[in-house]
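*Asks:* Take a look at run_5.csv, CSV, C-alpha atoms and all ligand atoms:
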```
chain,number,residue,atom,x,y,z
Y,12,MET,CA,0.0,0.0,0.0
Y,13,THR,CA,1.6,3.3,-1.0
Y,14,ARG,CA,-0.3,5.4,1.5
Y,15,GLY,CA,1.8,3.9,4.3
Y,16,ARG,CA,5.1,4.9,2.7
Y,17,ALA,CA,4.1,8.5,2.3
Y,18,GLY,CA,6.4,10.6,4.5
Y,19,VAL,CA,6.0,14.1,5.8
Y,20,GLU,CA,8.1,17.1,4.8
Y,21,LEU,CA,9.1,18.0,8.3
Y,22,GLU,CA,12.0,20.1,7.1
Y,23,LYS,CA,9.5,22.8,6.1
Y,24,LEU,CA,8.7,23.1,9.8
Y,25,GLU,CA,12.3,22.9,11.1
Y,26,GLY,CA,12.8,25.3,14.0
Y,27,LYS,CA,9.3,26.6,13.6
Y,28,SER,CA,6.6,26.3,16.3
Y,29,HIS,CA,3.9,24.0,14.9
Y,30,ARG,CA,1.2,21.6,16.0
Y,31,ARG,CA,0.8,17.9,15.3
Y,32,PHE,CA,-2.3,15.8,15.0
Y,33,ASN,CA,-2.9,12.7,17.0
Y,34,PRO,CA,-5.1,10.5,14.8
Y,35,LEU,CA,-5.9,8.2,17.7
Y,36,THR,CA,-7.5,10.7,20.0
Y,37,ARG,CA,-8.0,13.5,17.4
Y,38,ASP,CA,-6.3,16.0,19.7
Y,39,TRP,CA,-3.5,18.4,18.7
Y,40,ILE,CA,-0.1,18.8,20.4
Y,41,LEU,CA,1.9,22.1,20.2
Y,42,VAL,CA,5.6,21.5,19.3
Y,43,SER,CA,8.2,24.3,19.9
Y,44,PRO,CA,11.5,23.1,18.7
Y,45,ASN,CA,12.7,26.8,18.6
Y,46,ARG,CA,12.7,26.6,22.5
Y,47,MET,CA,15.0,23.6,22.5
Y,48,GLU,CA,18.0,24.5,24.6
Y,49,ARG,CA,21.4,23.5,23.3
Y,50,PRO,CA,22.1,20.0,22.0
Y,51,TRP,CA,22.1,17.5,24.8
Y,52,GLN,CA,25.2,17.6,26.9
Y,53,GLY,CA,24.9,14.1,28.3
Y,54,GLN,CA,24.8,15.4,31.9
Y,55,THR,CA,22.5,13.8,34.3
Y,56,GLU,CA,21.7,14.2,37.9
Y,57,THR,CA,21.1,10.9,39.6
Y,58,ALA,CA,17.9,10.7,41.6
Y,59,GLY,CA,19.6,8.6,44.3
Y,60,ASP,CA,19.0,5.1,43.0
Y,61,PHE,CA,19.1,2.9,46.0
Y,62,VAL,CA,19.5,-0.8,46.2
Y,63,LEU,CA,16.4,-2.6,47.4
Y,64,PRO,CA,16.3,-5.9,49.3
Y,65,LYS,CA,15.1,-9.0,47.4
Y,66,TYR,CA,12.5,-9.5,50.1
Y,67,ASP,CA,11.0,-6.8,52.3
Y,68,PRO,CA,9.1,-8.0,55.4
Y,69,GLY,CA,7.1,-4.7,55.4
Y,70,CYS,CA,5.9,-5.0,51.8
Y,71,TYR,CA,2.3,-6.1,51.3
Y,72,LEU,CA,3.2,-7.6,47.9
Y,73,CYS,CA,6.1,-9.8,48.8
Y,74,PRO,CA,5.4,-13.6,49.1
Y,75,GLY,CA,4.1,-14.8,52.5
Y,76,ASN,CA,3.4,-11.3,53.8
Y,77,VAL,CA,0.1,-10.0,55.3
Y,78,ARG,CA,-1.8,-7.4,53.4
Y,79,ALA,CA,-3.6,-4.4,54.9
Y,80,GLU,CA,-7.0,-6.1,54.9
Y,81,GLY,CA,-5.6,-9.2,56.7
Y,82,GLY,CA,-5.2,-11.5,53.7
Y,83,ARG,CA,-1.9,-13.3,53.5
Y,84,ASN,CA,0.0,-13.7,50.2
Y,85,PRO,CA,0.9,-17.2,49.3
Y,86,ALA,CA,4.6,-18.1,48.9
Y,87,TYR,CA,4.4,-17.5,45.2
Y,88,SER,CA,7.4,-18.2,43.0
Y,89,ALA,CA,6.5,-16.5,39.7
Y,90,THR,CA,3.4,-14.3,39.4
Y,91,PHE,CA,0.5,-13.7,41.8
Y,92,VAL,CA,-2.9,-12.1,41.1
Y,93,PHE,CA,-5.4,-10.9,43.7
Y,94,ASP,CA,-8.5,-8.6,44.0
Y,95,ASN,CA,-7.5,-5.2,45.1
Y,96,ASP,CA,-8.2,-4.7,48.8
Y,97,PHE,CA,-9.2,-1.1,48.2
Y,98,ALA,CA,-10.9,-1.5,44.8
Y,99,ALA,CA,-12.0,1.6,43.0
Y,100,LEU,CA,-14.9,-0.4,41.5
Y,101,GLN,CA,-17.5,-2.7,43.1
Y,102,PRO,CA,-18.5,-5.9,41.4
Y,103,ASP,CA,-22.2,-5.4,41.2
Y,104,VAL,CA,-23.8,-2.1,41.9
Y,105,GLY,CA,-26.8,-2.7,39.7
Y,106,ASP,CA,-28.2,-0.5,36.9
Y,107,VAL,CA,-29.0,2.9,38.4
Y,108,THR,CA,-28.9,6.3,36.6
Y,109,ALA,CA,-29.5,9.7,38.1
Y,110,GLN,CA,-30.4,12.7,35.9
Y,111,GLY,CA,-31.2,16.3,36.6
Y,112,GLY,CA,-31.4,19.7,35.1
Y,113,GLY,CA,-33.6,18.9,32.2
Y,114,GLY,CA,-31.1,17.6,29.6
Y,115,ASN,CA,-28.0,15.8,30.7
Y,116,LEU,CA,-26.7,18.7,32.8
Y,117,LEU,CA,-26.4,16.5,35.8
Y,118,LEU,CA,-25.9,12.9,34.8
Y,119,ALA,CA,-24.6,9.9,36.8
Y,120,ALA,CA,-24.7,6.2,36.3
Y,121,SER,CA,-23.7,3.2,38.4
Y,122,GLU,CA,-20.5,1.5,37.3
Y,123,SER,CA,-19.7,-2.1,38.2
Y,124,GLY,CA,-16.2,-3.5,37.9
Y,125,VAL,CA,-13.3,-5.5,39.2
Y,126,CYS,CA,-9.8,-4.2,40.2
Y,127,ARG,CA,-7.0,-6.7,40.4
Y,128,VAL,CA,-3.3,-6.5,41.3
Y,129,VAL,CA,-0.7,-8.5,39.4
Y,130,CYS,CA,2.6,-9.1,41.0
Y,131,PHE,CA,5.2,-9.7,38.3
Y,132,SER,CA,7.8,-11.4,40.4
Y,133,PRO,CA,8.4,-12.5,44.0
Y,134,ARG,CA,11.6,-10.4,43.9
Y,135,HIS,CA,11.0,-7.1,45.6
Y,136,ASP,CA,14.0,-5.5,44.0
Y,137,LEU,CA,13.2,-6.3,40.3
Y,138,THR,CA,11.5,-4.3,37.6
Y,139,LEU,CA,10.4,-5.4,34.1
Y,140,ALA,CA,13.7,-4.0,32.8
Y,141,ARG,CA,15.6,-6.3,35.1
Y,142,MET,CA,13.5,-9.4,34.7
Y,143,THR,CA,14.4,-12.0,32.1
Y,144,ILE,CA,12.5,-12.2,28.9
Y,145,GLY,CA,11.2,-15.6,30.1
Y,146,GLU,CA,10.0,-14.1,33.4
Y,147,ILE,CA,8.2,-11.3,31.5
Y,148,GLY,CA,6.7,-13.9,29.2
Y,149,GLY,CA,5.1,-15.4,32.3
Y,150,VAL,CA,3.5,-12.0,33.0
Y,151,VAL,CA,2.3,-11.8,29.4
Y,152,GLU,CA,0.5,-15.1,29.9
Y,153,VAL,CA,-1.1,-13.8,33.1
Y,154,TRP,CA,-2.3,-10.6,31.4
Y,155,ALA,CA,-3.8,-12.7,28.5
Y,156,GLU,CA,-5.6,-15.0,30.9
Y,157,GLN,CA,-6.9,-12.2,33.0
Y,158,TYR,CA,-8.1,-10.3,29.9
Y,159,ARG,CA,-10.0,-13.4,28.9
Y,160,ALA,CA,-11.4,-14.3,32.3
Y,161,LEU,CA,-12.5,-10.7,33.2
Y,162,GLY,CA,-13.8,-10.1,29.8
Y,163,GLU,CA,-16.1,-13.1,30.1
Y,164,LEU,CA,-17.8,-11.7,33.2
Y,165,PRO,CA,-21.3,-10.6,32.1
Y,166,ARG,CA,-21.1,-6.9,33.0
Y,167,ILE,CA,-17.5,-6.3,31.9
Y,168,GLN,CA,-17.1,-4.5,28.6
Y,169,HIS,CA,-13.6,-3.3,28.9
Y,170,VAL,CA,-10.4,-4.6,30.5
Y,171,GLN,CA,-7.6,-2.0,31.2
Y,172,ILE,CA,-4.2,-3.5,32.0
Y,173,PHE,CA,-1.7,-1.0,33.2
Y,174,GLU,CA,1.4,-0.4,35.3
Y,175,ASN,CA,2.3,2.7,37.3
Y,176,ARG,CA,6.0,2.7,38.0
Y,177,GLY,CA,7.8,5.0,40.4
Y,178,ALA,CA,7.0,7.4,43.2
Y,179,MET,CA,6.8,10.2,40.6
Y,180,MET,CA,3.8,8.4,39.1
Y,181,GLY,CA,2.2,8.1,42.5
Y,182,CYS,CA,3.2,4.5,43.0
Y,183,SER,CA,4.3,4.1,46.6
Y,184,ASN,CA,5.4,0.4,46.4
Y,185,PRO,CA,8.5,-0.5,44.3
Y,186,HIS,CA,7.6,-4.2,44.3
Y,187,PRO,CA,7.1,-5.0,40.5
Y,188,HIS,CA,3.4,-5.1,40.0
Y,189,GLY,CA,0.6,-3.8,37.8
Y,190,GLN,CA,-3.1,-3.4,37.9
Y,191,ILE,CA,-6.2,-4.4,35.9
Y,192,TRP,CA,-9.4,-2.4,36.1
Y,193,ALA,CA,-12.3,-4.2,34.3
Y,194,THR,CA,-15.3,-2.0,33.8
Y,195,GLU,CA,-18.9,-2.0,32.7
Y,196,SER,CA,-18.3,0.9,30.3
Y,197,ILE,CA,-15.4,1.7,27.9
Y,198,PRO,CA,-13.2,4.4,29.5
Y,199,ASN,CA,-12.5,7.8,27.8
Y,200,GLU,CA,-9.2,7.1,26.1
Y,201,PRO,CA,-10.0,3.7,24.5
Y,202,ARG,CA,-13.4,5.1,23.5
Y,203,LYS,CA,-11.9,8.0,21.7
Y,204,GLU,CA,-9.4,5.7,20.0
Y,205,GLU,CA,-12.2,3.2,19.0
Y,206,GLU,CA,-14.2,6.0,17.3
Y,207,SER,CA,-11.1,7.1,15.4
Y,208,LEU,CA,-10.1,3.6,14.4
Y,209,GLU,CA,-13.7,2.9,13.2
Y,210,ASP,CA,-13.9,6.1,11.1
Y,211,TYR,CA,-10.4,5.5,9.6
Y,212,ALA,CA,-11.3,1.9,8.6
Y,213,ARG,CA,-14.5,3.1,7.0
Y,214,GLU,CA,-12.8,6.0,5.1
Y,215,HIS,CA,-9.6,4.2,4.0
Y,216,HIS,CA,-10.6,0.5,4.0
Y,217,SER,CA,-7.6,-0.3,6.0
Y,218,CYS,CA,-6.4,-0.2,9.6
Y,219,MET,CA,-4.9,3.0,10.9
Y,220,LEU,CA,-2.3,1.4,13.1
Y,221,CYS,CA,-1.3,-1.1,10.4
Y,222,ASP,CA,-0.8,1.8,8.1
Y,223,TYR,CA,1.0,3.8,10.8
Y,224,ALA,CA,3.4,0.9,11.7
Y,225,GLU,CA,4.2,0.5,8.0
Y,226,LEU,CA,4.9,4.3,7.6
Y,227,GLU,CA,7.1,4.4,10.6
Y,228,LEU,CA,9.1,1.3,9.6
Y,229,GLY,CA,9.6,2.9,6.2
Y,230,ALA,CA,10.7,6.3,7.6
Y,231,GLY,CA,12.8,4.9,10.5
Y,232,GLU,CA,13.4,8.2,12.2
Y,233,ARG,CA,11.0,7.7,15.0
Y,234,VAL,CA,11.6,3.9,15.5
Y,235,VAL,CA,13.3,3.1,18.8
Y,236,CYS,CA,13.7,-0.7,18.4
Y,237,GLN,CA,11.8,-3.7,16.9
Y,238,ASN,CA,11.6,-7.4,16.7
Y,239,GLU,CA,9.7,-9.8,14.4
Y,240,SER,CA,6.4,-9.1,16.1
Y,241,PHE,CA,6.5,-5.6,17.5
Y,242,VAL,CA,7.9,-2.2,16.8
Y,243,ALA,CA,8.4,0.6,19.4
Y,244,VAL,CA,8.2,4.2,18.1
Y,245,VAL,CA,8.1,7.7,19.6
Y,246,PRO,CA,4.8,8.6,17.9
Y,247,PHE,CA,4.8,11.6,15.6
Y,248,TRP,CA,2.2,13.2,18.0
Y,249,ALA,CA,3.9,12.2,21.3
Y,250,THR,CA,2.9,14.4,24.2
Y,251,TRP,CA,5.3,13.2,26.9
Y,252,PRO,CA,9.0,13.8,26.2
Y,253,PHE,CA,10.0,10.1,25.8
Y,254,GLU,CA,6.5,8.7,25.2
Y,255,THR,CA,6.6,5.5,23.1
Y,256,LEU,CA,4.0,3.4,21.3
Y,257,LEU,CA,4.4,-0.3,21.0
Y,258,LEU,CA,2.6,-1.7,17.9
Y,259,ALA,CA,2.0,-5.3,17.0
Y,260,LYS,CA,3.2,-5.8,13.4
Y,261,ARG,CA,0.3,-8.1,12.6
Y,262,HIS,CA,-3.3,-6.8,12.7
Y,263,VAL,CA,-4.4,-8.4,16.0
Y,264,GLY,CA,-7.1,-7.2,18.3
Y,265,ASP,CA,-6.1,-8.2,21.8
Y,266,ILE,CA,-3.4,-9.8,23.9
Y,267,GLU,CA,-5.1,-13.2,24.0
Y,268,ALA,CA,-5.1,-13.4,20.2
Y,269,LEU,CA,-1.3,-13.1,20.1
Y,270,GLU,CA,0.4,-16.3,19.0
Y,271,ALA,CA,3.2,-17.9,21.0
Y,272,GLY,CA,5.9,-16.2,19.0
Y,273,GLU,CA,4.2,-12.8,19.3
Y,274,ARG,CA,3.8,-13.2,23.1
Y,275,ALA,CA,7.6,-13.8,23.3
Y,276,GLY,CA,8.0,-10.8,21.0
Y,277,LEU,CA,5.9,-8.7,23.4
Y,278,ALA,CA,8.1,-9.8,26.4
Y,279,ASP,CA,11.2,-9.0,24.4
Y,280,ILE,CA,10.1,-5.5,23.3
Y,281,LEU,CA,8.9,-4.7,26.9
Y,282,LYS,CA,12.3,-5.6,28.3
Y,283,ARG,CA,14.2,-3.6,25.6
Y,284,VAL,CA,12.1,-0.5,25.9
Y,285,THR,CA,12.1,-0.4,29.7
Y,286,THR,CA,15.9,-1.1,29.7
Y,287,ARG,CA,16.5,1.8,27.3
Y,288,TYR,CA,14.4,4.0,29.6
Y,289,ASP,CA,16.4,3.1,32.6
Y,290,ASN,CA,19.7,3.6,30.8
Y,291,LEU,CA,18.8,7.0,29.5
Y,292,PHE,CA,19.2,8.7,32.8
Y,293,GLN,CA,20.7,5.8,34.8
Y,294,THR,CA,17.6,5.6,37.0
Y,295,SER,CA,14.6,3.3,37.5
Y,296,PHE,CA,12.6,5.2,34.9
Y,297,PRO,CA,9.0,6.1,36.1
Y,298,TYR,CA,6.1,5.7,33.7
Y,299,SER,CA,2.5,4.8,33.3
Y,300,MET,CA,2.2,2.0,30.8
Y,301,GLY,CA,-0.9,0.2,29.5
Y,302,PHE,CA,-2.4,-1.8,26.7
Y,303,HIS,CA,-5.2,-0.7,24.5
Y,304,GLN,CA,-7.2,-3.5,22.9
Y,305,ARG,CA,-10.6,-4.8,21.7
Y,306,PRO,CA,-13.4,-4.2,24.2
Y,307,THR,CA,-15.0,-7.3,25.7
Y,308,ASP,CA,-18.6,-6.3,24.9
Y,309,GLY,CA,-19.2,-9.4,22.7
Y,310,LYS,CA,-18.9,-7.4,19.4
Y,311,GLU,CA,-16.3,-8.3,16.8
Y,312,HIS,CA,-14.4,-5.0,16.8
Y,313,ALA,CA,-12.3,-5.8,13.7
Y,314,GLU,CA,-11.0,-2.2,13.8
Y,315,TRP,CA,-9.0,-2.7,17.0
Y,316,HIS,CA,-5.2,-3.1,16.7
Y,317,PHE,CA,-3.4,-4.2,19.9
Y,318,HIS,CA,-0.8,-1.7,21.2
Y,319,ALA,CA,0.8,-0.4,24.3
Y,320,HIS,CA,1.5,3.2,25.4
Y,321,PHE,CA,4.4,4.2,27.6
Y,322,LEU,CA,3.8,7.6,29.2
Y,323,PRO,CA,6.9,8.6,31.2
Y,324,PRO,CA,7.2,12.1,32.8
Y,325,LEU,CA,11.0,12.6,32.8
Y,326,LEU,CA,12.3,15.4,30.7
Y,327,ARG,CA,16.0,16.1,31.3
Y,328,SER,CA,17.3,13.9,34.0
Y,329,ALA,CA,16.3,11.5,36.7
Y,330,ALA,CA,15.0,14.4,38.8
Y,331,VAL,CA,13.6,16.9,36.2
Y,332,LYS,CA,10.2,16.0,35.0
Y,333,LYS,CA,7.8,17.6,32.5
Y,334,PHE,CA,4.9,19.4,34.0
Y,335,MET,CA,1.5,19.6,32.4
Y,336,VAL,CA,0.3,23.0,33.6
Y,337,GLY,CA,-1.1,26.3,32.3
Y,338,PHE,CA,-1.6,26.2,28.6
Y,339,GLU,CA,-1.3,22.5,28.6
Y,340,LEU,CA,-4.2,22.0,31.1
Y,341,LEU,CA,-6.3,24.8,29.6
Y,342,GLY,CA,-5.2,24.8,26.0
Y,343,SER,CA,-3.2,21.9,24.4
Y,344,PRO,CA,-0.2,19.9,25.6
Y,345,GLN,CA,3.1,21.4,24.4
Y,346,ARG,CA,6.7,20.0,24.0
Y,347,ASP,CA,10.0,21.5,23.1
Y,348,MET,CA,12.0,18.4,22.0
Y,349,THR,CA,10.6,16.9,18.9
Y,350,ALA,CA,9.6,13.2,18.7
Y,351,GLU,CA,12.4,12.6,16.2
Y,352,VAL,CA,15.0,13.9,18.7
Y,353,ALA,CA,13.5,11.8,21.5
Y,354,ALA,CA,13.6,8.7,19.3
Y,355,GLU,CA,17.3,9.4,18.4
Y,356,ARG,CA,18.1,9.7,22.1
Y,357,LEU,CA,16.4,6.4,23.0
Y,358,ARG,CA,18.1,4.7,20.1
Y,359,GLY,CA,21.4,6.0,21.3
Y,360,VAL,CA,21.4,4.1,24.6
Y,361,GLY,CA,22.2,0.4,24.9
Y,362,GLU,CA,20.0,-2.6,25.7
Y,363,GLU,CA,22.3,-3.9,28.4
Y,364,HIS,CA,20.9,-2.7,31.8
Y,365,TYR,CA,23.2,-0.3,33.6
Y,366,LEU,CA,22.6,-2.2,36.9
Y,367,VAL,CA,23.8,-5.8,37.2
Y,368,ARG,CA,21.1,-8.1,38.5
Y,369,GLY,CA,22.1,-9.8,41.7
B,1,ZN,ZN,7.8,-6.6,47.9
B,2,ZN,ZN,-4.1,-3.1,12.2
B,3,ZN,ZN,-4.1,3.5,22.5
```
Go ahead and express the file in the form of structure tokens.
Ligand SMILES: [Zn+2]
Ligand SMILES: [Zn+2]
Ligand SMILES: [Zn+2]

*Replies:*
Amino acid sequence: MTRGRAGVELEKLEGKSHRRFNPLTRDWILVSPNRMERPWQGQTETAGDFVLPKYDPGCYLCPGNVRAEGGRNPAYSATFVFDNDFAALQPDVGDVTAQGGGGNLLLAASESGVCRVVCFSPRHDLTLARMTIGEIGGVVEVWAEQYRALGELPRIQHVQIFENRGAMMGCSNPHPHGQIWATESIPNEPRKEEESLEDYAREHHSCMLCDYAELELGAGERVVCQNESFVAVVPFWATWPFETLLLAKRHVGDIEALEAGERAGLADILKRVTTRYDNLFQTSFPYSMGFHQRPTDGKEHAEWHFHAHFLPPLLRSAAVKKFMVGFELLGSPQRDMTAEVAAERLRGVGEEHYLVRG
């Protein structure tokens, strides 16, 4: 398909403030390369990386420990899943709506759901970046199984798998873990993406993210790394300084539909991307990461293309983060460093983790 290969004449905008369109959310991002301070000097402040113990008796996620609500974790040796003790959603709150103000000025509706915690490893001191590809593969299997099991629940129409990493992202416990929130309705971001994917498929008779992956693989300048099944890019419309998008190379709707080789490919690319992040500022890189995939509402959803977003806040060093304030909250997000420069920086660091695993 020729459309996928069509590039963009970015040189026309070199050094000029401009805006870029995000076709997934149909939002715009303001880019100000003219504000980019000097070329990168390679100087970093370390944010005091400290060595964690392999087991922490005070951690509510470590094997064998007691959790806040009194439950005791089993002596698990690989992964461990449990219902969140302080879940944001309740399993069955019925079908209640409350309306007021004539139209929909005041509108509320009950929302049933399930919140689970997934421990990636019994080792308190590890992260995805420092786990083996085989160990991450075990986590991929758990995610696929949870996506299927939660999606089969009668009320559940969407399963959001995500990880908050680091205190900067509000994650208080360093133990490697993620969360799954399964909901009765489709949340805002995947809903926006679904509408865009549907419209694109109708207008172009092809998949937006298949076309986009082909375009980026052809252009190369925003590609961070790839394997047979996945490619990681800094998307053209990236909002966060080092945001990446991990795209399945095959048109596949959800994590459960990945074949064995693709699941291994997902584990591989997760390790490589998180390692590059850690190596960039020699710190345990904070981020929110999550998968976007086909809703579990029983419809086919041929438009969905499985992918992951990494949304990291760091800008210039382990301690200097990007703030979303002022114009960004009230107008549009803005960035100085272009997506092309961010991709080049991430390509420039190695895939051997800077910390040796004990
Ligand atoms: Zn722990
Ligand atoms: Zn596709
Ligand atoms: Zn998405």

*Asks:* Let me see if you get this right: every residue at most 6 Å from ligand ZN 1 (chain B), counting only C-alpha atoms and all ligand atoms, written as a ChimeraX atom specification.

*Replies:* /Y:66-67,70,72-73,135,186

*Asks:* Quick one: distance from CA of Pro323 in chain Y to CA of Met180 in chain Y in Å, one decimal?

*Replies:*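 Pair CA of Pro323 in chain Y / CA of Met180 in chain Y returns 8.5 Å.
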
*Asks:* Please return as a PyMOL selection string the residues found within 9 Å of ligand ZN 3 (chain B), counting all atoms listed in the file.

*Replies:* chain Y and resi 35-36+200-201+204-205+256+301-304+316-320

*Asks:* Distance CA of Glu227 in chain Y-CA of Leu357 in chain Y, one decimal place?

*Replies:* 15.6 Å

*Asks:* Write out as a Markdown table a residue-level contact list of chain Y versus ligand ZN 2 (chain B) with cut-off 9 Å: for each qualifying residue the closest pair of atoms and the distance in Å to one decimal, counting only C-alpha atoms and all ligand atoms, rows sorted by chain and residue number upward.

*Replies:*
```
| residue | atom | partner | partner_atom | distance |
| --- | --- | --- | --- | --- |
| Y:Ser217 | CA | B:ZN2 | ZN | 7.7 |
| Y:Cys218 | CA | B:ZN2 | ZN | 4.5 |
| Y:Met219 | CA | B:ZN2 | ZN | 6.3 |
| Y:Leu220 | CA | B:ZN2 | ZN | 4.9 |
| Y:Cys221 | CA | B:ZN2 | ZN | 3.9 |
| Y:Asp222 | CA | B:ZN2 | ZN | 7.2 |
| Y:Tyr223 | CA | B:ZN2 | ZN | 8.7 |
| Y:Ala224 | CA | B:ZN2 | ZN | 8.5 |
| Y:Leu258 | CA | B:ZN2 | ZN | 8.9 |
| Y:Ala259 | CA | B:ZN2 | ZN | 8.1 |
| Y:Lys260 | CA | B:ZN2 | ZN | 7.9 |
| Y:Arg261 | CA | B:ZN2 | ZN | 6.7 |
| Y:His262 | CA | B:ZN2 | ZN | 3.8 |
| Y:Val263 | CA | B:ZN2 | ZN | 6.5 |
| Y:Gly264 | CA | B:ZN2 | ZN | 7.9 |
| Y:Ala313 | CA | B:ZN2 | ZN | 8.8 |
| Y:Glu314 | CA | B:ZN2 | ZN | 7.1 |
| Y:Trp315 | CA | B:ZN2 | ZN | 6.9 |
| Y:His316 | CA | B:ZN2 | ZN | 4.6 |
| Y:Phe317 | CA | B:ZN2 | ZN | 7.8 |
```

*Asks:* Looking at Y:Asn76, Y:Thr307, Y:Gln345, Y:Asn95, which one is nearest to Ala160 in chain Y, with distances taken over all atoms listed in the file?

*Replies:*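 Checking each of Y:Asn76, Y:Thr307, Y:Gln345, Y:Asn95 against Ala160 in chain Y, counting all atoms listed in the file, the winner is Y:Thr307.
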
*Asks:* How many Å lie between CA of Lys23 in chain Y and CA of Val234 in chain Y, rounded to one decimal?

*Replies:* 21.2 Å

*Asks:* Which one is closest to Glu363 in chain Y: Y:Ala140, Y:Lys203, Y:Glu254, Y:Ile191? Count all atoms listed in the file.

*Replies:*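 Of all the options, Y:Ala140 lies closest to Glu363 in chain Y.
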
*Asks:* Of the candidates Y:Glu311, Y:Asp38, Y:Glu174, Y:Asp289, which one gets nearest to Trp192 in chain Y if we count all atoms listed in the file?

*Replies:* Y:Glu174

*Asks:* So that each row is one residue of range 127-215 of chain Y with an atom at most 12 Å from range 271-285 of chain Y, can you give its shortest atom pair and the distance in Å to one decimal, using all atoms listed in the file, rows by chain and rising number, as a tab-separated table?

*Replies:*
```
residue	atom	partner	partner_atom	distance
Y:Thr138	CA	Y:Thr285	CA	8.8
Y:Leu139	CA	Y:Lys282	CA	6.1
Y:Ala140	CA	Y:Lys282	CA	5.0
Y:Arg141	CA	Y:Lys282	CA	7.6
Y:Met142	CA	Y:Lys282	CA	7.5
Y:Thr143	CA	Y:Lys282	CA	7.7
Y:Ile144	CA	Y:Ala278	CA	5.6
Y:Gly145	CA	Y:Ala278	CA	7.5
Y:Glu146	CA	Y:Ala278	CA	8.4
Y:Ile147	CA	Y:Ala278	CA	5.3
Y:Gly148	CA	Y:Ala278	CA	5.2
Y:Gly149	CA	Y:Ala278	CA	8.7
Y:Val150	CA	Y:Ala278	CA	8.3
Y:Val151	CA	Y:Arg274	CA	6.6
Y:Glu152	CA	Y:Arg274	CA	7.8
Y:Val153	CA	Y:Arg274	CA	11.2
Y:Trp154	CA	Y:Arg274	CA	10.6
Y:Ala155	CA	Y:Arg274	CA	9.3
Y:Arg176	CA	Y:Thr285	CA	10.8
```

*Asks:* Would you mind exporting C-alpha atoms of the selected residues as a tab-separated table (two decimals), in the frame of the given file?

*Replies:*
```
chain	number	residue	atom	x	y	z
Y	138	THR	CA	11.50	-4.30	37.60
Y	139	LEU	CA	10.40	-5.40	34.10
Y	140	ALA	CA	13.70	-4.00	32.80
Y	141	ARG	CA	15.60	-6.30	35.10
Y	142	MET	CA	13.50	-9.40	34.70
Y	143	THR	CA	14.40	-12.00	32.10
Y	144	ILE	CA	12.50	-12.20	28.90
Y	145	GLY	CA	11.20	-15.60	30.10
Y	146	GLU	CA	10.00	-14.10	33.40
Y	147	ILE	CA	8.20	-11.30	31.50
Y	148	GLY	CA	6.70	-13.90	29.20
Y	149	GLY	CA	5.10	-15.40	32.30
Y	150	VAL	CA	3.50	-12.00	33.00
Y	151	VAL	CA	2.30	-11.80	29.40
Y	152	GLU	CA	0.50	-15.10	29.90
Y	153	VAL	CA	-1.10	-13.80	33.10
Y	154	TRP	CA	-2.30	-10.60	31.40
Y	155	ALA	CA	-3.80	-12.70	28.50
Y	176	ARG	CA	6.00	2.70	38.00
```

*Asks:* Of the candidates Y:Ala193, Y:Leu257, Y:Ser207, Y:His188, which shows the shortest atom-to-atom distance to Arg159 in chain Y, using all atoms listed in the file?

*Replies:* Y:Ala193

*Asks:* Please determine, counting only C-alpha atoms, which residue among Y:Ala99, Y:Arg358, Y:Arg37, Y:Gly177 has the shortest atom-to-atom distance to Ala243 in chain Y.

*Replies:*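 That would be Y:Arg358, the residue with the smallest distance to Ala243 in chain Y.
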
*Asks:* Which residue, Y:Thr255, Y:Pro34, Y:Ser28, Y:Ala89, has the smallest gap to Tyr211 in chain Y when you use only C-alpha atoms?

*Replies:* Y:Pro34

*Asks:* At a cut-off of 10 Å, using all atoms listed in the file, what residues contact Phe97 in chain Y? Leave out same-chain residues fewer than 5 positions from it and give the result as a PyMOL selection string.

*Replies:* chain Y and resi 79-80+126-127
